[in-house]
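Shown here: entry-v8.cif, mmCIF, C-alpha atoms and all ligand atoms.
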data_structure
loop_
_atom_site.label_atom_id
_atom_site.label_comp_id
_atom_site.auth_asym_id
_atom_site.auth_seq_id
_atom_site.Cartn_x
_atom_site.Cartn_y
_atom_site.Cartn_z
CA MET A 146 50.35 -17.01 -27.23
CA LEU A 147 48.44 -20.15 -28.05
CA SER A 148 50.04 -23.35 -26.95
CA TYR A 149 49.42 -26.89 -28.11
CA GLN A 150 46.89 -28.79 -26.01
CA PRO A 151 47.42 -32.53 -25.70
CA ALA A 152 44.54 -34.77 -26.69
CA LEU A 153 41.98 -35.06 -23.92
CA SER A 154 42.40 -38.81 -23.59
CA VAL A 155 46.05 -38.36 -22.64
CA ALA A 156 45.35 -35.52 -20.25
CA VAL A 157 42.60 -37.26 -18.28
CA LEU A 158 44.56 -40.47 -17.91
CA LYS A 159 47.47 -38.80 -16.11
CA GLU A 160 46.30 -40.16 -12.76
CA PRO A 161 46.46 -43.94 -12.57
CA VAL A 162 43.19 -45.77 -13.01
CA ARG A 163 42.28 -48.16 -10.22
CA ILE A 164 40.44 -51.39 -10.89
CA ASP A 165 39.59 -53.81 -8.09
CA VAL A 166 39.49 -57.57 -8.17
CA LYS A 167 37.05 -58.55 -5.43
CA VAL A 168 37.37 -62.03 -4.07
CA GLY A 169 35.21 -62.83 -1.05
CA SER A 170 35.66 -59.95 1.36
CA ARG A 171 39.11 -59.09 0.02
CA VAL A 172 39.99 -56.50 -2.55
CA SER A 173 43.04 -56.79 -4.75
CA PRO A 174 43.67 -53.42 -6.41
CA ILE A 175 45.23 -52.84 -9.81
CA TRP A 176 46.70 -49.45 -10.72
CA ILE A 177 47.18 -48.70 -14.38
CA GLY A 178 48.90 -45.66 -15.81
CA ASP A 179 51.91 -44.46 -17.72
CA GLY A 180 54.66 -44.08 -15.14
CA VAL A 181 53.02 -45.93 -12.22
CA SER A 182 56.14 -48.07 -11.81
CA GLU A 183 58.03 -44.87 -10.97
CA ARG A 184 55.66 -44.40 -8.04
CA ALA A 185 55.87 -47.99 -6.88
CA GLY A 186 57.22 -47.17 -3.42
CA ALA A 187 54.48 -44.71 -2.63
CA LEU A 188 51.69 -46.85 -4.10
CA LEU A 189 52.81 -49.94 -2.19
CA ASP A 190 53.12 -47.88 1.01
CA ALA A 191 49.56 -46.70 0.56
CA GLN A 192 48.52 -50.32 0.28
CA ARG A 193 50.67 -51.22 3.33
CA VAL A 194 52.53 -53.82 1.33
CA GLY A 195 55.09 -55.46 3.59
CA ARG A 196 57.63 -53.75 5.85
CA ARG A 197 60.42 -55.22 3.75
CA ARG A 198 60.03 -55.83 0.05
CA PHE A 199 62.06 -58.24 -2.00
CA VAL A 200 62.12 -58.00 -5.74
CA VAL A 201 62.09 -61.13 -7.88
CA SER A 202 62.99 -60.59 -11.53
CA ASN A 203 65.29 -61.86 -14.27
CA PRO A 204 68.55 -60.39 -15.61
CA VAL A 205 67.07 -59.27 -18.96
CA ILE A 206 64.28 -57.26 -17.41
CA TRP A 207 66.47 -56.00 -14.62
CA ARG A 208 69.03 -54.67 -17.09
CA PHE A 209 66.36 -52.56 -18.77
CA HIS A 210 64.28 -51.44 -15.83
CA GLY A 211 66.05 -52.44 -12.62
CA GLU A 212 67.61 -49.13 -11.84
CA ALA A 213 64.39 -47.14 -12.15
CA ILE A 214 62.28 -49.69 -10.32
CA ALA A 215 64.79 -50.10 -7.49
CA ARG A 216 64.85 -46.32 -7.10
CA ALA A 217 61.05 -46.14 -7.08
CA LEU A 218 60.75 -48.91 -4.53
CA GLY A 219 63.22 -47.11 -2.31
CA GLU A 220 61.11 -43.99 -2.19
CA ALA A 221 58.48 -43.74 0.52
CA ALA A 222 55.07 -42.04 0.26
CA THR A 223 55.88 -39.63 3.04
CA PRO A 224 59.22 -37.90 3.51
CA GLY A 225 61.53 -39.79 5.78
CA PRO A 226 64.45 -42.13 5.52
CA ALA A 227 64.49 -44.01 2.23
CA ARG A 228 63.97 -47.75 2.51
CA ARG A 229 67.07 -49.84 2.71
CA ARG A 230 67.74 -51.41 -0.68
CA THR A 231 68.36 -55.11 -1.01
CA ASP A 232 69.63 -56.89 -4.08
CA PRO A 233 66.95 -58.28 -6.35
CA ILE A 234 66.49 -62.03 -6.48
CA LEU A 235 67.17 -62.82 -10.12
CA ILE A 236 66.21 -66.12 -11.69
CA PRO A 237 67.42 -66.97 -15.19
CA ASP A 238 65.26 -65.94 -18.13
CA GLY A 239 62.91 -68.43 -19.73
CA GLU A 240 59.94 -70.74 -19.34
CA ARG A 241 62.28 -73.62 -18.53
CA TYR A 242 63.11 -71.90 -15.24
CA LYS A 243 59.48 -71.83 -14.15
CA THR A 244 60.21 -74.69 -11.79
CA LEU A 245 60.21 -75.76 -8.17
CA LEU A 246 63.99 -75.37 -8.24
CA SER A 247 63.63 -71.65 -8.96
CA VAL A 248 61.02 -71.40 -6.20
CA SER A 249 63.48 -73.07 -3.88
CA ARG A 250 66.17 -70.55 -4.86
CA ILE A 251 63.76 -67.76 -3.98
CA TYR A 252 63.06 -69.33 -0.56
CA GLU A 253 66.78 -69.62 0.03
CA ALA A 254 67.42 -65.97 -0.78
CA LEU A 255 64.52 -64.92 1.46
CA ILE A 256 65.76 -67.01 4.37
CA ARG A 257 69.29 -65.65 4.02
CA VAL A 258 68.13 -62.03 4.26
CA GLY A 259 65.86 -62.85 7.17
CA ALA A 260 62.52 -62.30 5.46
CA ASP A 261 59.58 -62.78 7.81
CA ARG A 262 55.79 -62.81 7.67
CA GLY A 263 55.74 -59.03 7.39
CA SER A 264 57.87 -59.15 4.23
CA ALA A 265 56.57 -58.95 0.69
CA ILE A 266 57.64 -60.18 -2.71
CA VAL A 267 57.48 -57.76 -5.63
CA ALA A 268 57.47 -59.73 -8.89
CA VAL A 269 58.91 -57.63 -11.72
CA GLY A 270 58.59 -59.44 -15.02
CA GLY A 271 56.46 -61.37 -17.46
CA GLY A 272 54.24 -64.33 -16.75
CA VAL A 273 57.14 -66.61 -15.95
CA ILE A 274 58.45 -64.39 -13.15
CA GLY A 275 54.95 -63.53 -11.92
CA ASP A 276 53.86 -67.17 -11.70
CA THR A 277 57.10 -68.39 -10.10
CA ALA A 278 57.57 -65.54 -7.62
CA GLY A 279 53.84 -65.65 -6.92
CA PHE A 280 54.01 -69.31 -6.00
CA ALA A 281 56.97 -68.59 -3.72
CA ALA A 282 54.96 -65.82 -2.04
CA ALA A 283 51.93 -68.10 -1.65
CA THR A 284 53.94 -70.78 0.12
CA PHE A 285 56.84 -69.11 1.96
CA LEU A 286 55.93 -69.06 5.68
CA ARG A 287 52.43 -70.16 4.54
CA GLY A 288 52.09 -66.99 2.53
CA ILE A 289 53.63 -63.53 2.47
CA ALA A 290 52.32 -60.47 0.63
CA LEU A 291 52.72 -60.38 -3.14
CA ALA A 292 52.78 -57.39 -5.49
CA HIS A 293 53.14 -57.57 -9.26
CA ILE A 294 54.83 -55.12 -11.58
CA PRO A 295 54.18 -56.89 -14.89
CA THR A 296 56.56 -56.04 -17.72
CA THR A 297 55.10 -57.92 -20.71
CA LEU A 298 51.80 -57.10 -22.36
CA LEU A 299 50.65 -60.65 -21.65
CA ALA A 300 51.38 -60.24 -17.95
CA GLN A 301 49.78 -56.77 -17.85
CA VAL A 302 46.47 -57.86 -19.32
CA ASP A 303 46.39 -61.44 -18.16
CA SER A 304 48.81 -63.34 -15.95
CA ALA A 305 49.33 -60.74 -13.21
CA ILE A 306 45.58 -60.47 -12.69
CA GLY A 307 43.43 -63.14 -11.15
CA GLY A 308 45.64 -64.83 -8.60
CA LYS A 309 46.75 -67.94 -10.45
CA VAL A 310 50.35 -68.70 -9.51
CA GLY A 311 52.41 -71.78 -10.10
CA VAL A 312 55.20 -73.62 -11.83
CA ASN A 313 55.74 -76.42 -14.32
CA HIS A 314 56.54 -80.03 -13.51
CA PRO A 315 58.80 -82.13 -15.76
CA LEU A 316 55.66 -84.11 -16.68
CA GLY A 317 53.49 -81.13 -17.55
CA LYS A 318 52.97 -77.40 -17.62
CA ASN A 319 51.41 -75.44 -14.75
CA LEU A 320 50.69 -78.63 -12.81
CA ILE A 321 51.74 -77.18 -9.45
CA GLY A 322 50.07 -74.03 -8.25
CA ALA A 323 47.69 -72.09 -6.08
CA PHE A 324 45.15 -69.31 -6.12
CA TYR A 325 46.86 -66.41 -4.41
CA GLN A 326 45.63 -62.87 -4.90
CA PRO A 327 48.26 -60.10 -4.98
CA VAL A 328 47.90 -57.18 -2.58
CA ALA A 329 48.63 -54.83 -5.47
CA VAL A 330 49.31 -54.88 -9.21
CA LEU A 331 51.04 -51.89 -10.82
CA ILE A 332 50.62 -51.78 -14.57
CA ASP A 333 52.87 -49.35 -16.41
CA PRO A 334 52.62 -49.51 -20.22
CA ILE A 335 55.86 -47.50 -20.53
CA LEU A 336 57.73 -50.64 -19.45
CA LEU A 337 56.55 -52.26 -22.69
CA ARG A 338 58.69 -50.00 -24.86
CA THR A 339 61.62 -52.38 -24.49
CA LEU A 340 59.55 -55.49 -25.16
CA PRO A 341 60.44 -57.29 -28.44
CA ARG A 342 57.73 -57.02 -31.07
CA ARG A 343 56.93 -60.72 -31.07
CA GLU A 344 56.43 -60.75 -27.29
CA PHE A 345 54.27 -57.67 -27.57
CA ARG A 346 52.16 -59.31 -30.26
CA SER A 347 51.74 -62.41 -28.12
CA GLY A 348 50.00 -60.24 -25.52
CA LEU A 349 47.90 -58.55 -28.19
CA TYR A 350 46.22 -61.85 -29.05
CA GLU A 351 44.97 -62.06 -25.46
CA MET A 352 43.62 -58.55 -25.92
CA VAL A 353 41.81 -59.76 -29.04
CA LYS A 354 40.47 -62.59 -26.89
CA TYR A 355 38.94 -60.07 -24.45
CA GLY A 356 37.35 -58.38 -27.42
CA MET A 357 35.92 -61.68 -28.62
CA ILE A 358 34.50 -62.69 -25.24
CA ALA A 359 33.28 -59.37 -23.92
CA SER A 360 33.81 -56.25 -26.00
CA ARG A 361 33.26 -55.63 -29.66
CA ASP A 362 34.47 -52.10 -29.04
CA LEU A 363 37.87 -53.35 -27.85
CA PHE A 364 38.06 -55.73 -30.82
CA ASP A 365 37.30 -52.88 -33.23
CA ARG A 366 39.86 -50.60 -31.62
CA VAL A 367 42.64 -53.18 -31.92
CA ALA A 368 41.67 -53.66 -35.58
CA ARG A 369 41.47 -49.95 -36.34
CA ASP A 370 44.50 -48.76 -34.35
CA THR A 371 46.87 -51.67 -34.91
CA LYS A 372 49.76 -49.47 -35.97
CA ALA A 373 49.42 -47.02 -33.08
CA ILE A 374 49.20 -49.94 -30.67
CA PHE A 375 52.39 -51.50 -32.06
CA ASP A 376 54.00 -48.06 -31.80
CA ARG A 377 52.95 -48.18 -28.11
CA ASP A 378 51.18 -44.85 -28.51
CA PRO A 379 49.91 -44.22 -24.97
CA ALA A 380 46.72 -42.55 -26.18
CA VAL A 381 45.65 -45.85 -27.75
CA LEU A 382 47.53 -48.52 -25.84
CA LEU A 383 46.67 -47.35 -22.34
CA PRO A 384 42.86 -47.39 -22.79
CA ALA A 385 43.07 -50.80 -24.48
CA ILE A 386 45.05 -52.21 -21.55
CA ILE A 387 42.62 -50.68 -19.07
CA GLU A 388 39.65 -52.22 -20.89
CA SER A 389 41.34 -55.64 -21.00
CA CYS A 390 42.16 -55.53 -17.29
CA ARG A 391 38.63 -54.46 -16.46
CA ILE A 392 37.23 -57.47 -18.29
CA LYS A 393 39.60 -59.89 -16.59
CA ALA A 394 39.04 -58.31 -13.16
CA ASP A 395 35.26 -58.50 -13.56
CA VAL A 396 35.32 -62.12 -14.62
CA VAL A 397 37.68 -63.16 -11.80
CA SER A 398 35.66 -61.20 -9.24
CA ALA A 399 32.57 -63.14 -10.30
CA ASP A 400 34.29 -66.52 -10.25
CA GLU A 401 37.77 -66.78 -8.74
CA ARG A 402 38.08 -70.57 -8.89
CA GLU A 403 36.89 -71.16 -12.41
CA SER A 404 33.69 -73.01 -11.58
CA GLY A 405 31.66 -71.13 -14.15
CA LEU A 406 32.09 -67.71 -15.71
CA ARG A 407 35.90 -67.69 -15.48
CA ARG A 408 35.90 -70.44 -18.08
CA ILE A 409 35.12 -67.88 -20.77
CA LEU A 410 38.71 -66.70 -20.36
CA ASN A 411 39.65 -70.04 -21.87
CA PHE A 412 38.28 -69.00 -25.25
CA GLY A 413 40.85 -70.20 -27.77
CA HIS A 414 42.77 -72.09 -25.11
CA THR A 415 41.65 -75.69 -25.75
CA VAL A 416 43.24 -75.92 -29.17
CA GLY A 417 45.83 -73.28 -28.23
CA HIS A 418 47.19 -75.24 -25.27
CA ALA A 419 47.19 -78.41 -27.33
CA LEU A 420 49.31 -76.76 -30.04
CA GLU A 421 51.75 -75.50 -27.42
CA ALA A 422 52.05 -78.92 -25.78
CA ALA A 423 52.30 -80.81 -29.08
CA THR A 424 55.29 -78.63 -29.99
CA LYS A 425 56.81 -78.93 -26.49
CA TYR A 426 56.35 -75.21 -25.79
CA ARG A 427 59.16 -74.36 -28.18
CA ARG A 428 57.41 -73.18 -31.31
CA PHE A 429 54.75 -70.75 -30.19
CA ARG A 430 54.63 -67.85 -27.85
CA HIS A 431 51.54 -68.40 -25.73
CA GLY A 432 49.44 -65.79 -27.51
CA GLU A 433 50.34 -67.16 -30.94
CA ALA A 434 48.94 -70.56 -30.04
CA ILE A 435 45.84 -68.83 -28.68
CA ALA A 436 45.43 -67.02 -32.00
CA TYR A 437 45.11 -70.42 -33.71
CA GLY A 438 42.86 -71.60 -30.90
CA MET A 439 40.52 -68.66 -31.40
CA LEU A 440 40.34 -69.35 -35.14
CA ALA A 441 39.48 -72.96 -34.34
CA ALA A 442 36.82 -72.01 -31.80
CA ALA A 443 35.26 -69.55 -34.23
CA ASP A 444 35.31 -72.11 -37.02
CA LEU A 445 33.63 -74.70 -34.82
CA ALA A 446 30.97 -72.15 -33.89
CA VAL A 447 30.29 -71.35 -37.55
CA ALA A 448 30.05 -75.06 -38.37
CA ARG A 449 27.38 -75.37 -35.68
CA GLY A 450 25.51 -72.34 -36.95
CA ALA A 451 26.17 -70.49 -33.67
CA LEU A 452 28.32 -67.72 -35.22
CA ALA A 453 27.90 -65.78 -38.45
CA ASP A 454 30.69 -66.50 -40.91
CA ARG A 455 31.40 -62.79 -41.40
CA GLU A 456 32.29 -62.58 -37.67
CA ARG A 457 34.75 -65.44 -38.07
CA GLN A 458 36.21 -63.70 -41.10
CA ALA A 459 36.66 -60.46 -39.13
CA LEU A 460 38.61 -62.39 -36.50
CA ALA A 461 40.73 -64.12 -39.15
CA ARG A 462 41.44 -60.78 -40.83
CA LEU A 463 42.51 -59.17 -37.56
CA ILE A 464 44.80 -62.06 -36.69
CA THR A 465 46.40 -61.88 -40.13
CA GLN A 466 46.78 -58.12 -39.76
CA LEU A 467 48.63 -58.47 -36.45
CA GLY A 468 51.40 -60.46 -38.08
CA PRO A 469 52.72 -63.87 -39.05
CA LEU A 470 52.13 -66.98 -36.93
CA PRO A 471 54.43 -70.00 -36.75
CA PRO A 472 53.26 -72.81 -39.06
CA VAL A 473 50.97 -75.70 -38.05
CA VAL A 474 50.97 -77.62 -41.36
CA ASP A 475 53.53 -80.19 -40.20
CA LEU A 476 51.49 -81.17 -37.13
CA THR A 477 49.10 -84.11 -37.25
CA ILE A 478 45.51 -83.92 -36.10
CA GLY A 479 46.08 -87.07 -34.08
CA GLU A 480 48.86 -85.67 -31.91
CA VAL A 481 46.87 -82.54 -31.13
CA LEU A 482 43.68 -84.50 -30.32
CA GLU A 483 45.74 -86.68 -28.00
CA VAL A 484 46.68 -83.61 -25.93
CA ILE A 485 43.12 -82.29 -25.91
CA ARG A 486 41.91 -85.57 -24.39
CA ARG A 487 44.20 -85.00 -21.40
CA ASP A 488 43.24 -81.33 -21.00
CA LYS A 489 42.44 -79.84 -17.58
CA LYS A 490 39.21 -78.56 -19.12
CA VAL A 491 37.93 -82.13 -19.38
CA ILE A 492 35.62 -82.57 -16.40
CA ASP A 493 33.93 -85.95 -15.78
CA GLY A 494 34.94 -87.02 -19.25
CA LYS A 495 33.35 -84.02 -20.94
CA LEU A 496 35.39 -81.39 -22.70
CA HIS A 497 34.22 -77.87 -21.84
CA PHE A 498 34.73 -75.79 -24.94
CA VAL A 499 34.13 -72.06 -25.23
CA ILE A 500 32.76 -70.84 -28.56
CA ALA A 501 31.98 -67.36 -29.80
CA ILE A 502 28.39 -66.57 -30.71
CA GLN A 503 29.30 -63.09 -31.94
CA ILE A 504 32.25 -60.75 -31.50
CA GLY A 505 31.87 -59.81 -27.83
CA ALA A 506 29.89 -62.83 -26.61
CA THR A 507 30.60 -66.50 -25.97
CA MET A 508 28.95 -69.62 -24.65
CA THR A 509 30.33 -72.86 -23.24
CA ILE A 510 29.41 -76.20 -24.75
CA ASP A 511 30.29 -79.65 -23.46
CA ASP A 512 29.24 -81.90 -26.32
CA VAL A 513 32.00 -81.30 -28.86
CA THR A 514 32.77 -84.50 -30.70
CA GLU A 515 36.13 -85.73 -31.95
CA GLU A 516 34.74 -85.65 -35.49
CA GLU A 517 34.00 -81.95 -35.15
CA LEU A 518 37.44 -81.25 -33.72
CA THR A 519 39.06 -83.28 -36.47
CA ALA A 520 37.29 -81.24 -39.14
CA VAL A 521 38.22 -77.97 -37.44
CA LEU A 522 41.89 -78.93 -37.11
CA GLU A 523 41.96 -80.02 -40.72
CA ARG A 524 40.59 -76.66 -41.86
CA LEU A 525 43.19 -74.98 -39.65
CA GLY A 526 45.79 -76.70 -41.84
CA LEU A 527 46.90 -79.70 -39.80
CA LYS A 528 47.68 -83.06 -41.44
CA ARG A 529 45.42 -86.10 -41.18
N1 LIG A 601 48.89 -66.89 -14.03
C1 LIG A 601 48.12 -66.77 -15.08
O1 LIG A 601 46.91 -66.54 -14.98
C2 LIG A 601 48.73 -66.89 -16.45
C3 LIG A 601 48.00 -66.52 -17.59
C4 LIG A 601 48.62 -66.59 -18.83
C5 LIG A 601 49.93 -67.04 -18.93
N2 LIG A 601 50.60 -67.41 -17.81
C6 LIG A 601 52.01 -67.87 -17.89
O2 LIG A 601 52.79 -66.79 -18.33
C7 LIG A 601 53.97 -67.29 -18.96
C8 LIG A 601 54.23 -66.50 -20.24
O3 LIG A 601 54.42 -65.16 -19.87
P1 LIG A 601 55.05 -64.10 -20.87
O4 LIG A 601 54.42 -64.25 -22.20
O5 LIG A 601 55.00 -62.79 -20.18
O6 LIG A 601 56.55 -64.62 -21.07
P2 LIG A 601 57.91 -64.39 -20.26
O7 LIG A 601 57.65 -64.12 -18.84
O8 LIG A 601 58.78 -65.53 -20.60
O9 LIG A 601 58.49 -63.06 -20.93
C9 LIG A 601 58.79 -63.06 -22.30
C10 LIG A 601 60.20 -62.55 -22.59
O10 LIG A 601 60.22 -61.13 -22.50
C11 LIG A 601 61.27 -60.69 -21.66
N3 LIG A 601 60.81 -59.44 -21.07
C12 LIG A 601 59.86 -59.28 -20.12
N4 LIG A 601 59.60 -57.99 -19.95
C13 LIG A 601 60.38 -57.29 -20.78
C14 LIG A 601 60.54 -55.91 -21.08
N5 LIG A 601 59.78 -54.98 -20.49
N6 LIG A 601 61.46 -55.55 -22.01
C15 LIG A 601 62.18 -56.51 -22.66
N7 LIG A 601 62.07 -57.82 -22.45
C16 LIG A 601 61.17 -58.22 -21.51
C17 LIG A 601 61.45 -61.83 -20.70
O11 LIG A 601 62.73 -61.80 -20.12
C18 LIG A 601 61.25 -63.03 -21.61
O12 LIG A 601 62.42 -63.33 -22.33
C19 LIG A 601 53.73 -68.77 -19.18
O13 LIG A 601 54.49 -69.49 -18.25
C20 LIG A 601 52.25 -68.95 -18.89
O14 LIG A 601 51.94 -70.22 -18.35
C21 LIG A 601 50.03 -67.35 -16.58
ZN ZN A 602 46.19 -67.28 -22.27
#
Just give me the structure as structure tokens.
Ligand SMILES: NC(=O)c1ccc[n+]([C@@H]2O[C@H](COP(=O)([O-])OP(=O)(O)OC[C@H]3O[C@@H](n4cnc5c(N)ncnc54)[C@H](O)[C@@H]3O)[C@@H](O)[C@H]2O)c1
Ligand SMILES: [Zn+2]
Amino acid sequence: MLSYQPALSVAVLKEPVRIDVKVGSRVSPIWIGDGVSERAGALLDAQRVGRRRFVVSNPVIWRFHGEAIARALGEAATPGPARRRTDPILIPDGERYKTLLSVSRIYEALIRVGADRGSAIVAVGGGVIGDTAGFAAATFLRGIALAHIPTTLLAQVDSAIGGKVGVNHPLGKNLIGAFYQPVAVLIDPILLRTLPRREFRSGLYEMVKYGMIASRDLFDRVARDTKAIFDRDPAVLLPAIIESCRIKADVVSADERESGLRRILNFGHTVGHALEAATKYRRFRHGEAIAYGMLAAADLAVARGALADRERQALARLITQLGPLPPVVDLTIGEVLEVIRRDKKVIDGKLHFVIAIQIGATMTIDDVTEEELTAVLERLGLKR
């Protein structure tokens, strides 16, 4: 009797895909595949990640996925006694807990259970957990091994890759941090099924960003398969995540410390960060602010004659298609410009600004004037 054959793309992707971030002589591997988190113990064993592993997560994520991940981490690659389970270190949910105090709580828990230099931290969560636990790993005993199991789309395609870890300071976001490459990243799109739609969409804008900076094909796929992606259809979502990770891994491998190429990852982030800061990080999810930032960067490029207007329109259409964005009409151009002037991307008084020259290619310019930015922000809808 004939039986139904699954689509080839699903069948061939059964085995996890491995992508390497290469920094100096070190390799930081990423495994991507539906169900890889269920094989976490074996995959981390293969990578010789720490004799003892301590999970850092938050109560929301742990309620959804803790049981399965704890079980997976307890299973070894080769038959033998299961690893002794320890309680996860849970820090409260939310960006406002991305602080040195949370890092200190992690140190305390590690000291109490007798963690040593052979121990590892496994960060299970979104960008907040990954950045905070990552900074703890980078600094505890001058550095212990770090593995990421990212659980938001944003973390899967962006924050868990590239080695930036850190926390916020009361006077500013991400002011304290380090470059610290994980020994392994396990990306399991199945974990995204419990992610609220708005959080999922926030990560999608970063995916659109990868399309804008490096892959028209990825951009077109997100535009064409929007519904299937939102439905988290593995046949569509998994390849799009893989492509995004490949782009980020390639860029970071070429330039870990953001002295050149890595800056292209900041496409949309100059105006995006400024919108986030001007609204005290309360109004926008990160990706939503980046969506506005990309529109601004494309608009500026069109105004300079560097980008065809139909390309800008395609970006605007896709962003509209993905869903509503919080408003910007009540913000003043002045308050946003004020934040841009203090941006980390200002080097020797010059603002480095990434613009698109077509969908899939960018360039960096350092001669953007305040007049240009004012006009762009006005067209974006901000008040004079
Ligand atoms: N290190 C980097 O390179 C880098 C890059 C981009 C962003 N970031 C940082 O990442 C942070 C934002 O990360 P984020 O967008 O992942 O937000 P987040 O970590 O706050 O997670 C968003 C929300 O989703 C919940 N959640 C996570 N996984 C879930 C799941 N599978 N099911 C249900 N709920 C889930 C979380 O508890 C949280 O409430 C910011 O602090 C930003 O600075 C870092
Ligand atoms: Zn970003």
Protein and nucleic acid residues within 10 Å of ligand ZN 602 (chain A) (all atoms listed in the file) as a count of residues only: 24
Residue with smallest distance to Leu340 in chain A - pool A:Ile206, A:Val473, A:Gly279, A:Tyr426, counting only C-alpha atoms: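 Among the listed residues, A:Ile206 lies closest to Leu340 in chain A.
With all atoms listed in the file as the basis for measurement, A:Ala461 is the residue among A:Ala461, A:Ala394, A:Val328, A:Leu291 that approaches Met357 in chain A most closely.
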Residue with smallest distance to Val484 in chain A - pool A:Ala453, A:Met508, A:Ala283, A:Ala423, counting only C-alpha atoms: A:Ala423
Selection near Ile502 in chain A, 10 Å with all atoms listed in the file, sequence-local residues under 3 positions removed, as an MDAnalysis selection string: chainID A and resid 357:358 443 446:447 450:453 456:457 499 505:509
Within 7 Å of Pro334 in chain A using only C-alpha atoms, minus same-chain residues under 3 positions, as a PyMOL selection string: chain A and resi 178-179+337+383
Å distance separating CA of Gly169 in chain A from CA of Asp400 in chain A, one decimal place: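 About the pair CA of Gly169 in chain A and CA of Asp400 in chain A: they are 10.0 Å apart.
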Chain A residues near ligand LIG 601 (chain A) within 7 Å, closest pair each, using only C-alpha atoms and all ligand atoms, as a tab-separated table:
residue	atom	partner	partner_atom	distance
A:Asn203	CA	A:LIG601	O11	6.4
A:Val205	CA	A:LIG601	O11	5.2
A:Ile206	CA	A:LIG601	C13	5.2
A:Phe209	CA	A:LIG601	N6	6.6
A:Asp238	CA	A:LIG601	O11	5.2
A:Gly239	CA	A:LIG601	O8	5.1
A:Glu240	CA	A:LIG601	O8	5.5
A:Lys243	CA	A:LIG601	O13	6.9
A:Gly270	CA	A:LIG601	N4	5.2
A:Gly271	CA	A:LIG601	O7	3.3
A:Gly272	CA	A:LIG601	O3	3.2
A:Val273	CA	A:LIG601	O7	3.8
A:Ile274	CA	A:LIG601	O7	5.8
A:Asp276	CA	A:LIG601	N1	5.5
A:Thr296	CA	A:LIG601	N4	4.2
A:Thr297	CA	A:LIG601	N4	4.6
A:Leu298	CA	A:LIG601	O5	6.9
A:Leu299	CA	A:LIG601	O5	5.1
A:Ala300	CA	A:LIG601	O5	5.0
A:Asp303	CA	A:LIG601	C3	5.4
A:Ser304	CA	A:LIG601	C2	3.6
A:Ala305	CA	A:LIG601	N1	6.2
A:Ile306	CA	A:LIG601	O1	6.6
A:Gly307	CA	A:LIG601	O1	6.2
A:Gly308	CA	A:LIG601	N1	6.7
A:Lys309	CA	A:LIG601	N1	4.3
A:Val310	CA	A:LIG601	N1	5.1
A:Asn319	CA	A:LIG601	O14	6.4
A:Leu336	CA	A:LIG601	N5	4.9
A:Leu337	CA	A:LIG601	N5	4.8
A:Arg338	CA	A:LIG601	N5	6.7
A:Thr339	CA	A:LIG601	N6	4.0
A:Leu340	CA	A:LIG601	N6	3.7
A:Pro341	CA	A:LIG601	C15	6.1
A:Glu344	CA	A:LIG601	C9	6.0
A:Ser347	CA	A:LIG601	O4	6.8
A:Gly348	CA	A:LIG601	O4	6.8
A:Arg430	CA	A:LIG601	O4	6.7
A:His431	CA	A:LIG601	O4	6.2
Sphere at (48.2, -53.4, 0.8), radius 10 Å, counting all atoms listed in the file: residues as a ChimeraX atom specification: /A:172-174,188-195,290-292,327-329
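For the residues A:Ser182, A:Thr514, A:Ser264, A:Thr519, ranking by smallest atom-to-atom distance to Arg198 in chain A using all atoms listed in the file places A:Ser264 first.
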